[in-house]
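Trainee: What follows is a structure written as C-alpha cells; I'll ask about it next.
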Amino acid sequence: MAINLELPKKLDTTIDQARQAALQIFRPISRKYDLAEHTYPVELDTLASLYSGLAATGQAGAGAAGGRGDANKERPEGYVANGGNMQSVLNSMWASYGDVALMLSIPYQGLGNAAIAAVATDEQLEMLGGGDEVWASMAITEPSFGSDSAAVTTTATRDGDDYVINGEKIFVTAGSRASHIVVWASVDRSLGRAAIKSFVVPRKHPGVTIARLEHKLGIRASDTAVIRFEDCRIPKEYLLGSPEVDVKKGFGGVMQTFDNTRPMVAAMAVGVSRASLEELRKLLEDAGVEIDYDRPATDQSAAAAEFIRLEADWEASYLLTLRAAWMADNKEPNSLEASMSKAKAGRTGTDVTNKAVELASTYGYSERTLLEKWARDSKILDIFEGTQQIQQLIIARRVLGKSSAELK
C-alpha cells in the first residue's frame with residue numbers, strides 16, 4: 001500500500017491545539033518547573049480536562065484506547081487510515097515543541113497508556129473505563145539491567161484468582177503521579193523471556209511503594225520514580241493480553257508495546273528539534289547569516305551550511321516518525337519502522353539541540369533562552385524506550401533476517 005505523508009485536514013485541529021498548548025501553556029512555565037524539580041505543574045490539570053473531553057469524542061488520540069483508533073473495524077479495499085496512532089504522535093510532537101517534560105506530565109497521556117492500547121483486550125479496556133480514565137506509567141527497567149528488556153527479574157506468581165508481584169523498578173516516568181503502573185514481570189522465570197507479561201497495577205495499592213524520585217539532567221518537570229512491589233496482590237484480570245505462555249512466540253506480545261511507544265518518543269525528539277531549529281534560525285538571521293536553499297551548502301557560510309544539514313536530518317526524522325504511525329494505523333507490522341524512527345529522531349534530537357547551543361554561542365549556553373534546556377531534555381529521548389544502540393541492533397536483525405540469538 002502506498003503511503004501519502006501529506007497529513008489530512010482532519011488532523012489540522014489536533015496539530016493546532018497541541019501547538020497552541022506548547023506556545024501558550026508550556027513555554028511560559030517551562031523554566032519555572034525546570035528549576036522547581038518534582039513540583040507538580042498544576043497548570044496541566046486544565047489541559048488534561050481538555051484532552052479527556054476530546055478523547056471521549058475520538059478527536060485527540062488520547063488515553064489508553066487512543067492508539068487503537070479504528071484498527072478493529074472492517075475496511076474496504078484501498079482504505080487508508082490516519083487514526084489514533086497518528087493523532088497520538090502528532091500530539092506528542094507538537095506538545096514537545098513547547099516542553100518535553102511538561103508533555104510527559106499531562107495526566108492520562110502516559111507511555112503506559114500506549115502499552116495498554118497495544119496489548120489489552122477489548123474486555124480489559126472496558127474494565128479500565130475505556131482506557132480514558134487511566135493514567136498509566138511504564139515500569140520496565142530494573143537495577144540489574146537497562147535496555148535488555150528480556151532480563152526482567154520482577155515476578156508475578158499466580159495464587160488462586162490473583163497474581164502476587166515482587167520486585168523493584170527504576171526510572172519510571174510519571175511513576176509517582178500516574179493513577180496506574182504498567183509493570184513487566186515474569187510469571188515463570190524457568191521459561192525465560194516467553195514468560196514475561198505486563199500487568200496494570202493501581203499506584204495506590206497495598207504492596208506498592210514509591211521509594212524515591214530521581215534528580216536528573218533534563219526533563220526535570222517530569223517525575224522519575226523508583227518503585228518497589230512487595231507481595232502486591234492484584235486480580236488475574238489485570239494481566240494484559242493472554243495469560244498463556246507461548247515459548248515459540250517468545251515475549252513478542254509485550255514487545256508490541258514498543259511498536260506504539262517508540263514512534264511517540266521519536267515524535268517528542270522531532271518536536272524539541274523543531275523548536276531548537278526555529279530559535280536558531282532567528283538568531284542566525286539576526287546575526288546577518290543568510291540561509292539560501294537555492295545555493296549549495298558548500299557555497300554558504302559554515303553556520304548556514306550546518307543549519308541546512310540539521311534541517312535535512314530533522315525532515316528525515318519527521319517522515320520516518322509519520323511512516324511508523326501510519327503503518328500502525330493501517331495494521332501493517334511496524335517494528336522495524338518504529339525502531340528506525342526512534343533511532344533517527346533520537347540521534348537527530350541530541351545533534352540539533354546541542355549544535356543550536358553551540359552556534360548560538362554564549363547566548364545559547366545561558367538561561368536567557370530555552371536552547372540549553374532543550375539540549376538537556378533531548379538526551380533522554382535517545383535513551384529511554386530503547387537506547388540508540390538497541391534500536392540499531394533491532395534494525396540490523398530485521399534487515400538481515402537474524403534472530404536475537406543469532407545477532408547480539
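FYI, nothing fancy with the C-alpha cells labels: chains A, B, ... in order, residues from 1 per chain, ligands from 1 as they appear.
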Write out as a ChimeraX atom specification all residues of range 112-224 of chain A that DSSP puts in helix (DSSP H, G or I) for this structure's backbone.

Mentor: /A:112-119,122-127,129-131,149-151,189-195

Trainee: Include N, CA, C and O atoms and write out the residues we just selected as an mmCIF file, in the first residue's frame.

Mentor:
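Saved to out.cif:
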```cif
data_model
loop_
_atom_site.group_PDB
_atom_site.id
_atom_site.type_symbol
_atom_site.label_atom_id
_atom_site.label_comp_id
_atom_site.auth_asym_id
_atom_site.auth_seq_id
_atom_site.Cartn_x
_atom_site.Cartn_y
_atom_site.Cartn_z
ATOM 1 N N GLY A 112 2.472 4.424 29.457
ATOM 2 C CA GLY A 112 1.767 3.195 29.800
ATOM 3 C C GLY A 112 0.421 3.077 29.104
ATOM 4 O O GLY A 112 -0.073 1.972 28.861
ATOM 5 N N ASN A 113 -0.176 4.229 28.768
ATOM 6 C CA ASN A 113 -1.438 4.198 28.035
ATOM 7 C C ASN A 113 -1.254 3.574 26.657
ATOM 8 O O ASN A 113 -2.096 2.821 26.168
ATOM 9 N N ALA A 114 -0.128 3.888 26.010
ATOM 10 C CA ALA A 114 0.164 3.283 24.710
ATOM 11 C C ALA A 114 0.400 1.788 24.862
ATOM 12 O O ALA A 114 0.039 1.000 23.980
ATOM 13 N N ALA A 115 0.991 1.381 25.988
ATOM 14 C CA ALA A 115 1.210 -0.036 26.246
ATOM 15 C C ALA A 115 -0.119 -0.775 26.398
ATOM 16 O O ALA A 115 -0.304 -1.883 25.881
ATOM 17 N N ILE A 116 -1.044 -0.151 27.117
ATOM 18 C CA ILE A 116 -2.375 -0.747 27.284
ATOM 19 C C ILE A 116 -3.063 -0.874 25.932
ATOM 20 O O ILE A 116 -3.667 -1.900 25.606
ATOM 21 N N ALA A 117 -2.950 0.167 25.115
ATOM 22 C CA ALA A 117 -3.563 0.141 23.786
ATOM 23 C C ALA A 117 -2.995 -0.985 22.941
ATOM 24 O O ALA A 117 -3.699 -1.600 22.138
ATOM 25 N N ALA A 118 -1.705 -1.288 23.117
ATOM 26 C CA ALA A 118 -1.038 -2.292 22.294
ATOM 27 C C ALA A 118 -1.415 -3.713 22.697
ATOM 28 O O ALA A 118 -1.508 -4.596 21.845
ATOM 29 N N VAL A 119 -1.639 -3.949 23.984
ATOM 30 C CA VAL A 119 -1.729 -5.325 24.474
ATOM 31 C C VAL A 119 -3.102 -5.705 25.040
ATOM 32 O O VAL A 119 -3.529 -6.849 24.947
ATOM 33 N N ASP A 122 -10.241 -6.029 24.416
ATOM 34 C CA ASP A 122 -11.362 -5.095 24.470
ATOM 35 C C ASP A 122 -12.061 -5.161 25.826
ATOM 36 O O ASP A 122 -12.517 -4.144 26.351
ATOM 37 N N GLU A 123 -12.132 -6.368 26.389
ATOM 38 C CA GLU A 123 -12.771 -6.535 27.691
ATOM 39 C C GLU A 123 -11.978 -5.813 28.778
ATOM 40 O O GLU A 123 -12.561 -5.199 29.691
ATOM 41 N N GLN A 124 -10.656 -5.873 28.681
ATOM 42 C CA GLN A 124 -9.828 -5.193 29.670
ATOM 43 C C GLN A 124 -9.935 -3.680 29.545
ATOM 44 O O GLN A 124 -9.969 -2.967 30.547
ATOM 45 N N LEU A 125 -10.014 -3.197 28.308
ATOM 46 C CA LEU A 125 -10.210 -1.767 28.116
ATOM 47 C C LEU A 125 -11.512 -1.308 28.745
ATOM 48 O O LEU A 125 -11.585 -0.262 29.383
ATOM 49 N N GLU A 126 -12.548 -2.102 28.574
ATOM 50 C CA GLU A 126 -13.847 -1.756 29.161
ATOM 51 C C GLU A 126 -13.757 -1.776 30.682
ATOM 52 O O GLU A 126 -14.307 -0.905 31.361
ATOM 53 N N MET A 127 -13.021 -2.751 31.226
ATOM 54 C CA MET A 127 -12.822 -2.853 32.672
ATOM 55 C C MET A 127 -12.090 -1.622 33.205
ATOM 56 O O MET A 127 -12.346 -1.160 34.327
ATOM 57 N N GLY A 129 -12.431 1.344 32.197
ATOM 58 C CA GLY A 129 -13.200 2.542 31.888
ATOM 59 C C GLY A 129 -12.966 3.046 30.487
ATOM 60 O O GLY A 129 -12.994 4.251 30.242
ATOM 61 N N GLY A 130 -12.709 2.111 29.554
ATOM 62 C CA GLY A 130 -12.443 2.512 28.180
ATOM 63 C C GLY A 130 -11.018 2.989 27.989
ATOM 64 O O GLY A 130 -10.612 3.367 26.893
ATOM 65 N N GLY A 131 -10.235 2.972 29.059
ATOM 66 C CA GLY A 131 -8.847 3.407 28.980
ATOM 67 C C GLY A 131 -8.660 4.885 29.236
ATOM 68 O O GLY A 131 -7.568 5.328 29.598
ATOM 69 N N SER A 149 15.374 -5.797 27.824
ATOM 70 C CA SER A 149 14.053 -5.993 28.444
ATOM 71 C C SER A 149 13.799 -7.444 28.826
ATOM 72 O O SER A 149 12.967 -7.733 29.689
ATOM 73 N N ALA A 150 14.514 -8.380 28.181
ATOM 74 C CA ALA A 150 14.302 -9.793 28.479
ATOM 75 C C ALA A 150 14.898 -10.199 29.819
ATOM 76 O O ALA A 150 14.674 -11.316 30.288
ATOM 77 N N ALA A 151 15.659 -9.306 30.458
ATOM 78 C CA ALA A 151 16.338 -9.639 31.707
ATOM 79 C C ALA A 151 15.489 -9.333 32.937
ATOM 80 O O ALA A 151 16.014 -9.233 34.052
ATOM 81 N N ARG A 189 10.007 -17.788 35.763
ATOM 82 C CA ARG A 189 11.361 -17.444 35.335
ATOM 83 C C ARG A 189 12.081 -18.617 34.679
ATOM 84 O O ARG A 189 13.030 -18.421 33.911
ATOM 85 N N SER A 190 11.636 -19.843 34.933
ATOM 86 C CA SER A 190 12.275 -21.006 34.312
ATOM 87 C C SER A 190 12.012 -21.074 32.813
ATOM 88 O O SER A 190 12.719 -21.780 32.086
ATOM 89 N N LEU A 191 10.981 -20.330 32.338
ATOM 90 C CA LEU A 191 10.630 -20.352 30.921
ATOM 91 C C LEU A 191 11.258 -19.191 30.143
ATOM 92 O O LEU A 191 10.987 -19.018 28.951
ATOM 93 N N GLY A 192 12.072 -18.394 30.810
ATOM 94 C CA GLY A 192 12.782 -17.325 30.123
ATOM 95 C C GLY A 192 11.884 -16.180 29.702
ATOM 96 O O GLY A 192 10.833 -15.919 30.296
ATOM 97 N N ARG A 193 12.295 -15.505 28.596
ATOM 98 C CA ARG A 193 11.610 -14.287 28.168
ATOM 99 C C ARG A 193 10.167 -14.520 27.753
ATOM 100 O O ARG A 193 9.353 -13.594 27.795
ATOM 101 N N ALA A 194 9.820 -15.738 27.354
ATOM 102 C CA ALA A 194 8.448 -16.015 26.922
ATOM 103 C C ALA A 194 7.440 -15.811 28.046
ATOM 104 O O ALA A 194 6.254 -15.584 27.790
ATOM 105 N N ALA A 195 7.912 -15.897 29.288
ATOM 106 C CA ALA A 195 7.006 -15.798 30.444
ATOM 107 C C ALA A 195 6.844 -14.358 30.938
ATOM 108 O O ALA A 195 6.162 -14.128 31.934
#
```

Trainee: For Ser96 in chain A, which of A:Asp377, A:Glu311, A:Glu406, A:Glu237 is the closest residue, counting only C-alpha atoms?

Mentor: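 Closest to Ser96 in chain A, using only C-alpha atoms: A:Asp377.
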
Trainee: Taking only C-alpha atoms into account, name the residue in A:Leu284, A:Val226, A:Ala345, A:Ala18 that is nearest to Thr141 in chain A.

Mentor: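 With only C-alpha atoms as the atom set, the closest residue is A:Val226.
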
Trainee: Per residue of range 338-405 of chain A within 8 Å of range 317-334 of chain A, what are the shortest atom pair and its distance in Å to one decimal, counting only C-alpha atoms, with rows by chain and residue number, as a Markdown table?

Mentor:
```
| residue | atom | partner | partner_atom | distance |
| --- | --- | --- | --- | --- |
| A:Ala338 | CA | A:Ala324 | CA | 5.2 |
| A:Met340 | CA | A:Leu320 | CA | 7.0 |
| A:Ser341 | CA | A:Leu320 | CA | 4.9 |
| A:Lys342 | CA | A:Thr321 | CA | 7.6 |
| A:Lys344 | CA | A:Ser317 | CA | 5.7 |
| A:Ala345 | CA | A:Ser317 | CA | 4.8 |
| A:Thr348 | CA | A:Ser317 | CA | 7.3 |
```

Trainee: Run DSSP on the backbone and give me the residues of range 97-336 of chain A it puts in strand (DSSP E), as a PyMOL selection string.

Mentor: chain A and resi 136-139+155-159+162-173+180-186+196-202+208-213+224-235

Trainee: May I have the residues within 9 Å of Val164 in chain A as a list in words, using only C-alpha atoms and disregarding those fewer than 4 positions away in the same chain?

Mentor: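 Here the qualifying residues turn out to be Thr155, Ala156, Thr157, Arg158, Asp159, Glu230, Asp231, Cys232, Arg233, Ile234 and Pro235 of chain A.
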
Trainee: Go ahead and save the residues from that selection, with all heavy atoms, as an mmCIF file, in the first residue's frame.

Mentor:
```
data_model
loop_
_atom_site.group_PDB
_atom_site.id
_atom_site.type_symbol
_atom_site.label_atom_id
_atom_site.label_comp_id
_atom_site.auth_asym_id
_atom_site.auth_seq_id
_atom_site.Cartn_x
_atom_site.Cartn_y
_atom_site.Cartn_z
ATOM 1 N N THR A 155 8.838 -10.712 39.571
ATOM 2 C CA THR A 155 7.998 -11.897 39.384
ATOM 3 C C THR A 155 6.531 -11.597 39.667
ATOM 4 O O THR A 155 6.203 -10.716 40.466
ATOM 5 C CB THR A 155 8.451 -13.043 40.307
ATOM 6 O OG1 THR A 155 8.406 -12.594 41.678
ATOM 7 C CG2 THR A 155 9.865 -13.489 39.955
ATOM 8 N N ALA A 156 5.662 -12.342 38.982
ATOM 9 C CA ALA A 156 4.222 -12.303 39.224
ATOM 10 C C ALA A 156 3.772 -13.753 39.408
ATOM 11 O O ALA A 156 3.660 -14.505 38.431
ATOM 12 C CB ALA A 156 3.497 -11.645 38.065
ATOM 13 N N THR A 157 3.561 -14.136 40.634
ATOM 14 C CA THR A 157 3.254 -15.532 40.960
ATOM 15 C C THR A 157 1.753 -15.731 41.079
ATOM 16 O O THR A 157 1.075 -15.004 41.821
ATOM 17 C CB THR A 157 3.937 -15.931 42.281
ATOM 18 O OG1 THR A 157 5.342 -15.655 42.181
ATOM 19 C CG2 THR A 157 3.723 -17.409 42.574
ATOM 20 N N ARG A 158 1.212 -16.704 40.351
ATOM 21 C CA ARG A 158 -0.229 -16.976 40.391
ATOM 22 C C ARG A 158 -0.604 -17.593 41.730
ATOM 23 O O ARG A 158 0.034 -18.540 42.203
ATOM 24 C CB ARG A 158 -0.608 -17.919 39.240
ATOM 25 C CG ARG A 158 -2.100 -18.214 39.117
ATOM 26 C CD ARG A 158 -2.893 -17.012 38.648
ATOM 27 N NE ARG A 158 -4.295 -17.301 38.535
ATOM 28 C CZ ARG A 158 -4.895 -17.677 37.391
ATOM 29 N NH1 ARG A 158 -4.183 -17.816 36.278
ATOM 30 N NH2 ARG A 158 -6.190 -17.908 37.353
ATOM 31 N N ASP A 159 -1.630 -17.051 42.345
ATOM 32 C CA ASP A 159 -2.128 -17.562 43.617
ATOM 33 C C ASP A 159 -3.651 -17.499 43.566
ATOM 34 O O ASP A 159 -4.254 -16.462 43.850
ATOM 35 C CB ASP A 159 -1.584 -16.739 44.774
ATOM 36 C CG ASP A 159 -2.020 -17.277 46.143
ATOM 37 O OD1 ASP A 159 -2.485 -18.442 46.193
ATOM 38 O OD2 ASP A 159 -1.923 -16.540 47.145
ATOM 39 N N GLU A 230 6.056 -5.243 46.780
ATOM 40 C CA GLU A 230 6.300 -6.238 47.818
ATOM 41 C C GLU A 230 4.994 -6.963 48.137
ATOM 42 O O GLU A 230 4.085 -6.393 48.739
ATOM 43 C CB GLU A 230 6.869 -5.560 49.075
ATOM 44 C CG GLU A 230 8.205 -4.857 48.819
ATOM 45 C CD GLU A 230 8.640 -3.977 49.984
ATOM 46 O OE1 GLU A 230 7.971 -2.962 50.252
ATOM 47 O OE2 GLU A 230 9.665 -4.316 50.613
ATOM 48 N N ASP A 231 4.911 -8.209 47.690
ATOM 49 C CA ASP A 231 3.692 -9.010 47.867
ATOM 50 C C ASP A 231 2.464 -8.222 47.433
ATOM 51 O O ASP A 231 1.436 -8.180 48.132
ATOM 52 C CB ASP A 231 3.540 -9.462 49.327
ATOM 53 C CG ASP A 231 4.651 -10.425 49.731
ATOM 54 O OD1 ASP A 231 5.134 -11.171 48.853
ATOM 55 O OD2 ASP A 231 5.049 -10.425 50.909
ATOM 56 N N CYS A 232 2.580 -7.590 46.281
ATOM 57 C CA CYS A 232 1.482 -6.789 45.719
ATOM 58 C C CYS A 232 0.499 -7.720 45.010
ATOM 59 O O CYS A 232 0.816 -8.305 43.972
ATOM 60 C CB CYS A 232 2.055 -5.757 44.741
ATOM 61 S SG CYS A 232 0.808 -4.815 43.861
ATOM 62 N N ARG A 233 -0.676 -7.856 45.556
ATOM 63 C CA ARG A 233 -1.669 -8.818 45.051
ATOM 64 C C ARG A 233 -2.700 -8.096 44.180
ATOM 65 O O ARG A 233 -3.341 -7.143 44.619
ATOM 66 C CB ARG A 233 -2.355 -9.496 46.236
ATOM 67 C CG ARG A 233 -3.393 -10.558 45.859
ATOM 68 C CD ARG A 233 -3.963 -11.198 47.109
ATOM 69 N NE ARG A 233 -2.958 -11.985 47.813
ATOM 70 C CZ ARG A 233 -2.724 -13.284 47.583
ATOM 71 N NH1 ARG A 233 -3.442 -13.930 46.658
ATOM 72 N NH2 ARG A 233 -1.798 -13.926 48.275
ATOM 73 N N ILE A 234 -2.827 -8.580 42.941
ATOM 74 C CA ILE A 234 -3.806 -7.998 42.020
ATOM 75 C C ILE A 234 -4.632 -9.102 41.361
ATOM 76 O O ILE A 234 -4.163 -10.236 41.223
ATOM 77 C CB ILE A 234 -3.119 -7.151 40.923
ATOM 78 C CG1 ILE A 234 -2.169 -8.018 40.111
ATOM 79 C CG2 ILE A 234 -2.401 -5.950 41.521
ATOM 80 C CD1 ILE A 234 -1.663 -7.341 38.866
ATOM 81 N N PRO A 235 -5.871 -8.810 40.954
ATOM 82 C CA PRO A 235 -6.702 -9.818 40.284
ATOM 83 C C PRO A 235 -6.070 -10.280 38.976
ATOM 84 O O PRO A 235 -5.361 -9.518 38.301
ATOM 85 C CB PRO A 235 -8.025 -9.074 40.022
ATOM 86 C CG PRO A 235 -8.017 -7.937 40.983
ATOM 87 C CD PRO A 235 -6.587 -7.546 41.156
#
```

Trainee: Between A:Glu385, A:Asp351, A:Asp34, A:Glu142, which residue has the minimum interatomic distance to Ser273 in chain A, considering only C-alpha atoms?

Mentor: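 The shortest atom-to-atom distance to Ser273 in chain A comes from A:Asp351.
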
Trainee: Check the smallest atom-to-atom distance from each of A:Ala95, A:Gly271, A:Asn260, A:Tyr79 to Leu47 in chain A using only C-alpha atoms, then report the winner.

Mentor: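 Closest candidate: A:Ala95.
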
Trainee: Excluding Ile25 in chain A and any residue of its chain fewer than 5 positions from it, enumerate the residues within 9 Å of it, using only C-alpha atoms, and give them as a ChimeraX atom specification.

Mentor: /A:20,30,43-44,47,98

Trainee: With C-alpha atoms kept, could you save the residues just selected as a PDB file, in the first residue's frame?

Mentor:
```pdb
ATOM      1  CA  GLN A  20      -1.182  26.367  20.929  1.00  0.00           C
ATOM      2  CA  SER A  30       8.915  25.805  31.192  1.00  0.00           C
ATOM      3  CA  GLU A  43      -1.445  24.331  35.091  1.00  0.00           C
ATOM      4  CA  LEU A  44      -1.683  20.957  33.363  1.00  0.00           C
ATOM      5  CA  LEU A  47      -5.187  20.823  29.750  1.00  0.00           C
ATOM      6  CA  GLY A  98       6.767  23.544  23.887  1.00  0.00           C
TER       7      GLY A  98
END
```
